[in-house]
There are 2 protein chains.
Amino acid sequence: MSDHRAKAALYDALAESAKALANGRRMELVDVLAQGERSVEELADEIQQTTANTSQHLQRLLRAGMVESRREGTRIYYSLSSAIVADLWRVLRRAAQEHVEGLEQLAADYLGDRSTLPTITRDDLLARLRDGDVVVLDVRPEAEYAAGHIRGAISVPINELESRLGTIPDGTDVVAYCRGPYSAFADQAVRALGKQGVTAARLEDGFPEWAEARLPIARP
Amino acid sequence: MSDHRAKAALYDALAESAKALANGRRMELVDVLAQGERSVEELADEIQQTTANTSQHLQRLLRAGMVESRREGTRIYYSLSSAIVADLWRVLRRAAQEHVEGLEQLAADYLGDRSTLPTITRDDLLARLRDGDVVVLDVRPEAEYAAGHIRGAISVPINELESRLGTIPDGTDVVAYCRGPYSAFADQAVRALGKQGVTAARLEDGFPEWAEARLPIARP
DNA sequence: GTTCTATTCAATGATTTACTTGAATAGAAC
DNA sequence: GTTCTATTCAAGTAAATCATTGAATAGAAC
């Protein structure tokens with residue numbers, strides 16, 4: 001093989017990692033899988049696509065080594081194959097945030113105006129957890145809480161929030177978190193809590209980032 | 001805009017960063033640009049493509065915000081727009097290394113068998129630089145050395161190595177480095193030096209990684 | 001065995017991408 | 001002004017990608 005053909009082949013292979021994530025639907029899949037394993041049907045529902053299409057995207061990720069699968073009876077569960085994939089997703093997100101123009105507007109279209117939404121950093125939340133003067137709500141679906149959550153957080157899936165508003169004691173400060181900076185659950189929760197007069201803030205990113213930073217978590 | 005359409009649009013935009021790098025030629029471009037700015041013609045020569053094609057790839061990177069350009073007379077120089085892009089390239093490389101199957105073989109096809117090639121880590125080189133018992137050769141093209149290099153390294157572009165073999169004092173240990181783990185210059189240098197009986201090793205990665213780790217460098 | 005369910009496979013068409021070619025442009029040198 | 005050079009633009013083609021559809025498969029329940 002000639003030298004420049006060999007070089008091209010090598011860099012083509014390196015580009016495969018990027019190609020695997022070079023699609024909006026697969027980005028969504030990785031975002032969800034960063035919370036824990038999921039079946040094809042659940043994932044299809046998350047990204048609002050047919051199972052056939054979702055299956056094909058998953059197989060693309062599988063071929064690139066980004067995810068693994070295991071069969072359990074009739075279901076097949078997919079999960080990220082390593083922490084590097086979550087890293088990659090994080091760095092891509094940061095690059096897009098920095099460099100893709102129009103991203104902020106698109107984020108606002110989906111998530112609403114965040115400028116008025118109280119936000120708290122990981123470090124601040126950590127300090128307040130140590131002081132014990134804050135209630136932390138994990139507003140992701142229950143299965144994701146079960147797969148791992150911020151230590152001390154309680155599970156209040158976003159669609160149960162309304163019915164459980166009463167259980168939040170008066171006068172406590174609340175912090176809500178979900179999957180990550182582009183996930184809408186925590187935003188919804190903070191807005192809903194705010195309307196009820198509860199002092200609430202959104203953790204600026206989600207559980208995967210908290211875990212990656214080696215802050216205190218609880219896992220099964 | 002309906003909720004799931006807005007979500008899809010947001011994640012499509014996030015995927016743009018990945019798409020920008022989802023091509024072997026653009027990966028090569030980023031690898032070269034991580035060493036410093038270059039004109040279109042130089043870049044075209046590096047990646048063995050026509051200038052028209054190279055220009056188009058560069059404009060794809062430009063649209064994604066990954067690179068910047070400036071005009072100087074009749075030439076246009078491109079450069080990475082931020083350290084995040086170099087980060088992204090690094091993480092992508094690591095993901096590919098971990099997960100893309102067949103990559104090792106392709107690397108061997110291009111770079112030759114590295115298993116017999118003495119290699120040294122950044123930390124080891126740092127220690128030896130402090131002890132002062134090693135000669136460090138920057139075997140990249142001179143312009144890249146000029147744009148920044150490991151402090152204490154001397155510039156010996158790979159195509160001048162042969163003619164300058166004599167200037168290396170007997171009995172000294174040599175470490176050669178170049179652009180990064182998938183760049184061939186340092187390998188060539190170490191092999192050539194080895195044949196001449198010089199004790200030589202390849203730094204496991206290149207100047208950008210050394211600089212990113214905040215190890216001692218010299219810049220103009 | 002049949003039926004049911006979750007997933008994959010295979011074929012199709014619309015869209016995007018990559019490279020090529022040759023023409024257009026912008027600045028420098030004359 | 002003309003000529004030269006580096007780059008971009010525009011048009012065309014082959015290939016890859018993506019969503020859709022309906023059929024095939026693999027295991028569970030009966």
# chains A, B, ... in the order shown; residues from 1 in each chain; ligands from 1
>>> residues_around(residues="region 74-88 of chain B", least_positions_apart="2", cutoff="10 Å", atoms="only C-alpha atoms (C1' of nucleotides)", output="number ranges by chain")
A: 18, 87-96, 98-99; B: 17-18, 21, 29-43, 58-59, 61-62, 65-72, 90-94, 208-209, 212; C: 26-28; D: 5-7
>>> write_last_selection(atoms="C-alpha atoms (C1' of nucleotides)", output="PDB file, in the first residue's frame")
ATOM      1  CA  ALA A  18     -16.835  11.327  14.455  1.00  0.00           C
ATOM      2  CA  ASP A  87     -16.328  12.179  27.323  1.00  0.00           C
ATOM      3  CA  LEU A  88     -16.593  12.533  23.584  1.00  0.00           C
ATOM      4  CA  TRP A  89     -20.217  13.581  23.836  1.00  0.00           C
ATOM      5  CA  ARG A  90     -19.289  16.153  26.478  1.00  0.00           C
ATOM      6  CA  VAL A  91     -16.441  17.635  24.429  1.00  0.00           C
ATOM      7  CA  LEU A  92     -18.567  17.727  21.277  1.00  0.00           C
ATOM      8  CA  ARG A  93     -21.251  19.561  23.179  1.00  0.00           C
ATOM      9  CA  ARG A  94     -18.729  22.059  24.451  1.00  0.00           C
ATOM     10  CA  ALA A  95     -17.287  22.585  20.966  1.00  0.00           C
ATOM     11  CA  ALA A  96     -20.757  23.132  19.539  1.00  0.00           C
ATOM     12  CA  GLU A  98     -18.475  27.517  21.606  1.00  0.00           C
ATOM     13  CA  HIS A  99     -18.475  27.445  17.851  1.00  0.00           C
TER      14      HIS A  99
ATOM     15  CA  SER B  17     -19.557  19.751  15.336  1.00  0.00           C
ATOM     16  CA  ALA B  18     -19.228  16.046  14.795  1.00  0.00           C
ATOM     17  CA  LEU B  21     -14.764  16.270  11.702  1.00  0.00           C
ATOM     18  CA  LEU B  29      -6.366  19.072   8.193  1.00  0.00           C
ATOM     19  CA  VAL B  30      -7.086  19.498  11.878  1.00  0.00           C
ATOM     20  CA  ASP B  31      -4.032  17.425  12.735  1.00  0.00           C
ATOM     21  CA  VAL B  32      -1.831  19.752  10.701  1.00  0.00           C
ATOM     22  CA  LEU B  33      -3.570  22.923  11.841  1.00  0.00           C
ATOM     23  CA  ALA B  34      -2.996  21.890  15.461  1.00  0.00           C
ATOM     24  CA  GLN B  35       0.667  22.677  14.722  1.00  0.00           C
ATOM     25  CA  GLY B  36      -0.089  26.228  13.596  1.00  0.00           C
ATOM     26  CA  GLU B  37      -1.695  28.199  10.790  1.00  0.00           C
ATOM     27  CA  ARG B  38      -1.278  27.205   7.133  1.00  0.00           C
ATOM     28  CA  SER B  39      -2.218  28.424   3.695  1.00  0.00           C
ATOM     29  CA  VAL B  40      -4.665  26.503   1.542  1.00  0.00           C
ATOM     30  CA  GLU B  41      -1.970  25.403  -0.839  1.00  0.00           C
ATOM     31  CA  GLU B  42       0.244  24.065   1.926  1.00  0.00           C
ATOM     32  CA  LEU B  43      -2.697  22.204   3.386  1.00  0.00           C
ATOM     33  CA  LEU B  58     -11.730  24.177   4.941  1.00  0.00           C
ATOM     34  CA  GLN B  59     -14.941  26.036   4.328  1.00  0.00           C
ATOM     35  CA  LEU B  61     -14.686  23.536   8.971  1.00  0.00           C
ATOM     36  CA  LEU B  62     -15.129  27.299   8.824  1.00  0.00           C
ATOM     37  CA  GLY B  65     -16.610  27.391  13.521  1.00  0.00           C
ATOM     38  CA  MET B  66     -13.719  24.971  13.900  1.00  0.00           C
ATOM     39  CA  VAL B  67     -11.206  27.137  12.042  1.00  0.00           C
ATOM     40  CA  GLU B  68     -10.585  30.796  11.311  1.00  0.00           C
ATOM     41  CA  SER B  69      -9.036  32.377   8.238  1.00  0.00           C
ATOM     42  CA  ARG B  70      -7.116  35.517   7.531  1.00  0.00           C
ATOM     43  CA  ARG B  71      -5.943  36.949   4.242  1.00  0.00           C
ATOM     44  CA  GLU B  72      -2.368  38.018   3.692  1.00  0.00           C
ATOM     45  CA  ARG B  90      -7.597  14.469  20.850  1.00  0.00           C
ATOM     46  CA  VAL B  91     -10.704  12.905  22.383  1.00  0.00           C
ATOM     47  CA  LEU B  92     -11.876  11.639  19.002  1.00  0.00           C
ATOM     48  CA  ARG B  93      -8.501  10.026  18.464  1.00  0.00           C
ATOM     49  CA  ARG B  94      -8.684   8.389  21.858  1.00  0.00           C
ATOM     50  CA  PRO B 208       0.242  19.912  20.761  1.00  0.00           C
ATOM     51  CA  GLU B 209      -0.218  17.366  23.558  1.00  0.00           C
ATOM     52  CA  GLU B 212      -1.797  21.164  26.241  1.00  0.00           C
TER      53      GLU B 212
ATOM     54  C1'  DA C  26      -9.086  39.121  -5.546  1.00  0.00           C
ATOM     55  C1'  DG C  27      -4.865  40.848  -4.751  1.00  0.00           C
ATOM     56  C1'  DA C  28       0.307  41.472  -6.230  1.00  0.00           C
TER      57       DA C  28
ATOM     58  C1'  DT D   5      -1.003  33.378  -8.498  1.00  0.00           C
ATOM     59  C1'  DA D   6      -3.828  31.709  -4.697  1.00  0.00           C
ATOM     60  C1'  DT D   7      -8.214  30.832  -3.686  1.00  0.00           C
TER      61       DT D   7
END
>>> residues_around(residues="Leu117 (chain B)", least_positions_apart="3", cutoff="8 Å", atoms="only C-alpha atoms (C1' of nucleotides)", output="short mmCIF file (atom, residue, chain, number, x, y, z; two decimals) with C-alpha atoms, in the first residue's frame")
data_model
loop_
_atom_site.label_atom_id
_atom_site.label_comp_id
_atom_site.auth_asym_id
_atom_site.auth_seq_id
_atom_site.Cartn_x
_atom_site.Cartn_y
_atom_site.Cartn_z
CA ASP B 113 5.57 -1.86 13.40
CA ARG B 114 5.95 0.28 16.47
CA ASP B 187 9.10 7.13 13.69
CA VAL B 190 14.07 7.05 15.32
CA ARG B 191 14.53 4.27 12.76
CA ALA B 201 13.31 7.00 21.21
CA ARG B 202 10.04 8.45 19.98
#
>>> atom_distance(atom1="CA of Ile120 (chain B)", atom2="CA of Gln196 (chain B)")
19.6 Å
>>> closest_atom_pairs(of="chain A", to="chain D", cutoff="12 Å", atoms="only C-alpha atoms (C1' of nucleotides)", output="tab-separated table")
residue	atom	partner	partner_atom	distance
A:Lys19	CA	D:DT17	C1'	10.6
A:Ala20	CA	D:DT17	C1'	11.7
A:Ala22	CA	D:DT17	C1'	10.7
A:Asn23	CA	D:DC18	C1'	9.6
A:Gly24	CA	D:DC18	C1'	11.2
A:Arg25	CA	D:DC18	C1'	10.4
A:Arg26	CA	D:DC18	C1'	11.7
A:Gln49	CA	D:DA19	C1'	9.0
A:Thr50	CA	D:DA19	C1'	9.0
A:Thr51	CA	D:DT20	C1'	11.4
A:Ala52	CA	D:DT20	C1'	9.2
A:Asn53	CA	D:DA19	C1'	7.0
A:Thr54	CA	D:DA19	C1'	10.2
A:Gln56	CA	D:DC18	C1'	9.8
A:His57	CA	D:DC18	C1'	9.6
A:Arg60	CA	D:DT17	C1'	11.2
A:Arg71	CA	D:DG27	C1'	9.9
A:Glu72	CA	D:DG27	C1'	9.3
A:Gly73	CA	D:DG27	C1'	6.0
A:Thr74	CA	D:DG27	C1'	5.3
A:Arg75	CA	D:DG27	C1'	9.0
A:Ile76	CA	D:DG27	C1'	11.1
>>> write_last_selection(atoms="C-alpha atoms", output="PDB file, in the first residue's frame")
ATOM      1  CA  LYS A  19     -19.184   9.870  11.845  1.00  0.00           C
ATOM      2  CA  ALA A  20     -20.807   7.708  14.478  1.00  0.00           C
ATOM      3  CA  ALA A  22     -22.477  12.985  13.233  1.00  0.00           C
ATOM      4  CA  ASN A  23     -26.247  12.821  13.377  1.00  0.00           C
ATOM      5  CA  GLY A  24     -28.797  14.511  15.581  1.00  0.00           C
ATOM      6  CA  ARG A  25     -30.708  11.350  16.378  1.00  0.00           C
ATOM      7  CA  ARG A  26     -27.548   9.513  17.402  1.00  0.00           C
ATOM      8  CA  GLN A  49     -38.409   7.619  15.665  1.00  0.00           C
ATOM      9  CA  THR A  50     -39.572   4.239  14.452  1.00  0.00           C
ATOM     10  CA  THR A  51     -37.935   1.217  16.045  1.00  0.00           C
ATOM     11  CA  ALA A  52     -36.541   0.236  12.642  1.00  0.00           C
ATOM     12  CA  ASN A  53     -34.812   3.551  12.251  1.00  0.00           C
ATOM     13  CA  THR A  54     -33.647   3.588  15.860  1.00  0.00           C
ATOM     14  CA  GLN A  56     -30.298   1.171  12.460  1.00  0.00           C
ATOM     15  CA  HIS A  57     -28.817   4.138  14.289  1.00  0.00           C
ATOM     16  CA  ARG A  60     -24.204   2.340  13.400  1.00  0.00           C
ATOM     17  CA  ARG A  71     -30.088  -9.628  24.915  1.00  0.00           C
ATOM     18  CA  GLU A  72     -32.549 -10.318  27.709  1.00  0.00           C
ATOM     19  CA  GLY A  73     -35.374 -12.509  26.527  1.00  0.00           C
ATOM     20  CA  THR A  74     -36.998 -10.741  23.635  1.00  0.00           C
ATOM     21  CA  ARG A  75     -35.493  -7.328  24.428  1.00  0.00           C
ATOM     22  CA  ILE A  76     -32.085  -6.028  23.477  1.00  0.00           C
TER      23      ILE A  76
END
>>> interface_residues(of="chain C", to="chain B", cutoff="12 Å", atoms="only C-alpha atoms (C1' of nucleotides)", output="JSON, numbers by chain")
{"C": [16, 17, 18, 19, 20, 21, 22, 25, 26, 27, 28, 29]}
>>> atom_distance(atom1="CA of Leu203 (chain A)", atom2="CA of Gly112 (chain A)")
15.9 Å
>>> select_by_dssp(residues="region 123-212 of chain B", states="strand (DSSP E or B)", output="list in words")
Val134, Val135, Val136, Leu137, Asp138, His149, Ile150, Ile154, Ser155, Asp173, Val174, Val175, Ala176, Tyr177, Ala200, Ala201, Arg202 and Leu203 of chain B
>>> write_last_selection(atoms="C-alpha atoms", output="PDB file, in the first residue's frame")
ATOM      1  CA  VAL B 134      19.010  13.949  26.484  1.00  0.00           C
ATOM      2  CA  VAL B 135      18.942  15.674  23.099  1.00  0.00           C
ATOM      3  CA  VAL B 136      15.421  16.422  21.869  1.00  0.00           C
ATOM      4  CA  LEU B 137      14.841  16.653  18.118  1.00  0.00           C
ATOM      5  CA  ASP B 138      11.815  18.381  16.644  1.00  0.00           C
ATOM      6  CA  HIS B 149       8.266  23.714  20.271  1.00  0.00           C
ATOM      7  CA  ILE B 150       9.330  21.813  23.355  1.00  0.00           C
ATOM      8  CA  ILE B 154      16.415  21.612  18.294  1.00  0.00           C
ATOM      9  CA  SER B 155      14.869  21.721  14.841  1.00  0.00           C
ATOM     10  CA  ASP B 173      20.515   9.759  23.937  1.00  0.00           C
ATOM     11  CA  VAL B 174      18.092  11.255  21.476  1.00  0.00           C
ATOM     12  CA  VAL B 175      14.323  11.710  21.675  1.00  0.00           C
ATOM     13  CA  ALA B 176      12.440  12.677  18.527  1.00  0.00           C
ATOM     14  CA  TYR B 177       8.920  14.073  18.395  1.00  0.00           C
ATOM     15  CA  ALA B 200      16.916   7.116  20.003  1.00  0.00           C
ATOM     16  CA  ALA B 201      13.313   7.003  21.210  1.00  0.00           C
ATOM     17  CA  ARG B 202      10.039   8.454  19.980  1.00  0.00           C
ATOM     18  CA  LEU B 203       7.980  10.705  22.226  1.00  0.00           C
TER      19      LEU B 203
END
>>> select_by_dssp(residues="region 1-213 of chain A", states="alpha helix (DSSP H)", output="number ranges by chain")
A: 3-21, 24-33, 40-47, 51-63, 83-99, 103-111, 122-131, 142-147, 161-164, 185-195, 207-212
>>> atom_distance(atom1="CA of Asp123 (chain A)", atom2="CA of Glu28 (chain A)")
26.7 Å
>>> residues_around(residues="region 101-108 of chain B", least_positions_apart="4", cutoff="10 Å", atoms="only C-alpha atoms (C1' of nucleotides)", output="MDAnalysis selection string")
(chainID A and resid 6:14 63:65) or (chainID B and resid 96:97 112:115 181:184)
>>> write_last_selection(atoms="C-alpha atoms", output="short mmCIF file (atom, residue, chain, number, x, y, z; two decimals), in the first residue's frame")
data_model
loop_
_atom_site.label_atom_id
_atom_site.label_comp_id
_atom_site.auth_asym_id
_atom_site.auth_seq_id
_atom_site.Cartn_x
_atom_site.Cartn_y
_atom_site.Cartn_z
CA ALA A 6 -2.18 4.15 4.01
CA LYS A 7 -2.33 7.54 5.64
CA ALA A 8 -5.73 8.27 4.12
CA ALA A 9 -7.04 4.90 5.30
CA LEU A 10 -5.80 5.56 8.84
CA TYR A 11 -7.41 8.98 9.04
CA ASP A 12 -10.60 7.65 7.47
CA ALA A 13 -10.73 5.15 10.31
CA LEU A 14 -10.15 7.90 12.85
CA ARG A 63 -20.21 -0.80 14.43
CA ALA A 64 -18.18 2.18 15.60
CA GLY A 65 -17.76 0.55 18.99
CA ALA B 96 -11.16 5.70 17.86
CA GLN B 97 -8.11 4.08 19.41
CA GLY B 112 5.20 0.43 10.43
CA ASP B 113 5.57 -1.86 13.40
CA ARG B 114 5.95 0.28 16.47
CA SER B 115 6.30 -2.58 18.92
CA PRO B 181 0.72 9.81 17.83
CA TYR B 182 -0.32 9.25 14.21
CA SER B 183 2.39 11.30 12.60
CA ALA B 184 5.20 9.41 10.91
#
>>> closest_residue(among="B:Leu111, B:Asn159, B:Asp133, B:Ala44", to="chain A", atoms="only C-alpha atoms")
B:Leu111
>>> residues_around(residues="Glu160 (chain A)", least_positions_apart="2", cutoff="12 Å", atoms="only C-alpha atoms (C1' of nucleotides)", output="PDB file with C-alpha atoms, in the first residue's frame")
ATOM      1  CA  LEU A 137     -34.614  16.505  43.226  1.00  0.00           C
ATOM      2  CA  ASP A 138     -33.718  14.028  40.524  1.00  0.00           C
ATOM      3  CA  VAL A 139     -36.421  14.698  37.955  1.00  0.00           C
ATOM      4  CA  ARG A 140     -35.348  12.062  35.429  1.00  0.00           C
ATOM      5  CA  PRO A 141     -37.438   8.925  34.877  1.00  0.00           C
ATOM      6  CA  GLU A 142     -37.283   6.599  37.851  1.00  0.00           C
ATOM      7  CA  SER A 155     -36.462  10.796  42.855  1.00  0.00           C
ATOM      8  CA  VAL A 156     -39.345  12.912  41.611  1.00  0.00           C
ATOM      9  CA  PRO A 157     -39.849  12.120  37.913  1.00  0.00           C
ATOM     10  CA  ILE A 158     -40.983  15.249  36.137  1.00  0.00           C
ATOM     11  CA  GLU A 162     -47.218  18.175  40.253  1.00  0.00           C
ATOM     12  CA  SER A 163     -48.844  15.533  42.418  1.00  0.00           C
ATOM     13  CA  ARG A 164     -45.934  15.580  44.841  1.00  0.00           C
ATOM     14  CA  LEU A 165     -45.549  19.314  45.187  1.00  0.00           C
ATOM     15  CA  GLY A 166     -47.249  19.166  48.571  1.00  0.00           C
ATOM     16  CA  THR A 167     -44.580  16.891  50.035  1.00  0.00           C
ATOM     17  CA  PHE A 185     -36.759  18.132  32.743  1.00  0.00           C
ATOM     18  CA  GLN A 188     -39.662  22.372  33.711  1.00  0.00           C
ATOM     19  CA  ALA A 189     -39.315  21.410  37.346  1.00  0.00           C
ATOM     20  CA  ALA A 192     -43.209  24.617  38.109  1.00  0.00           C
TER      21      ALA A 192
END
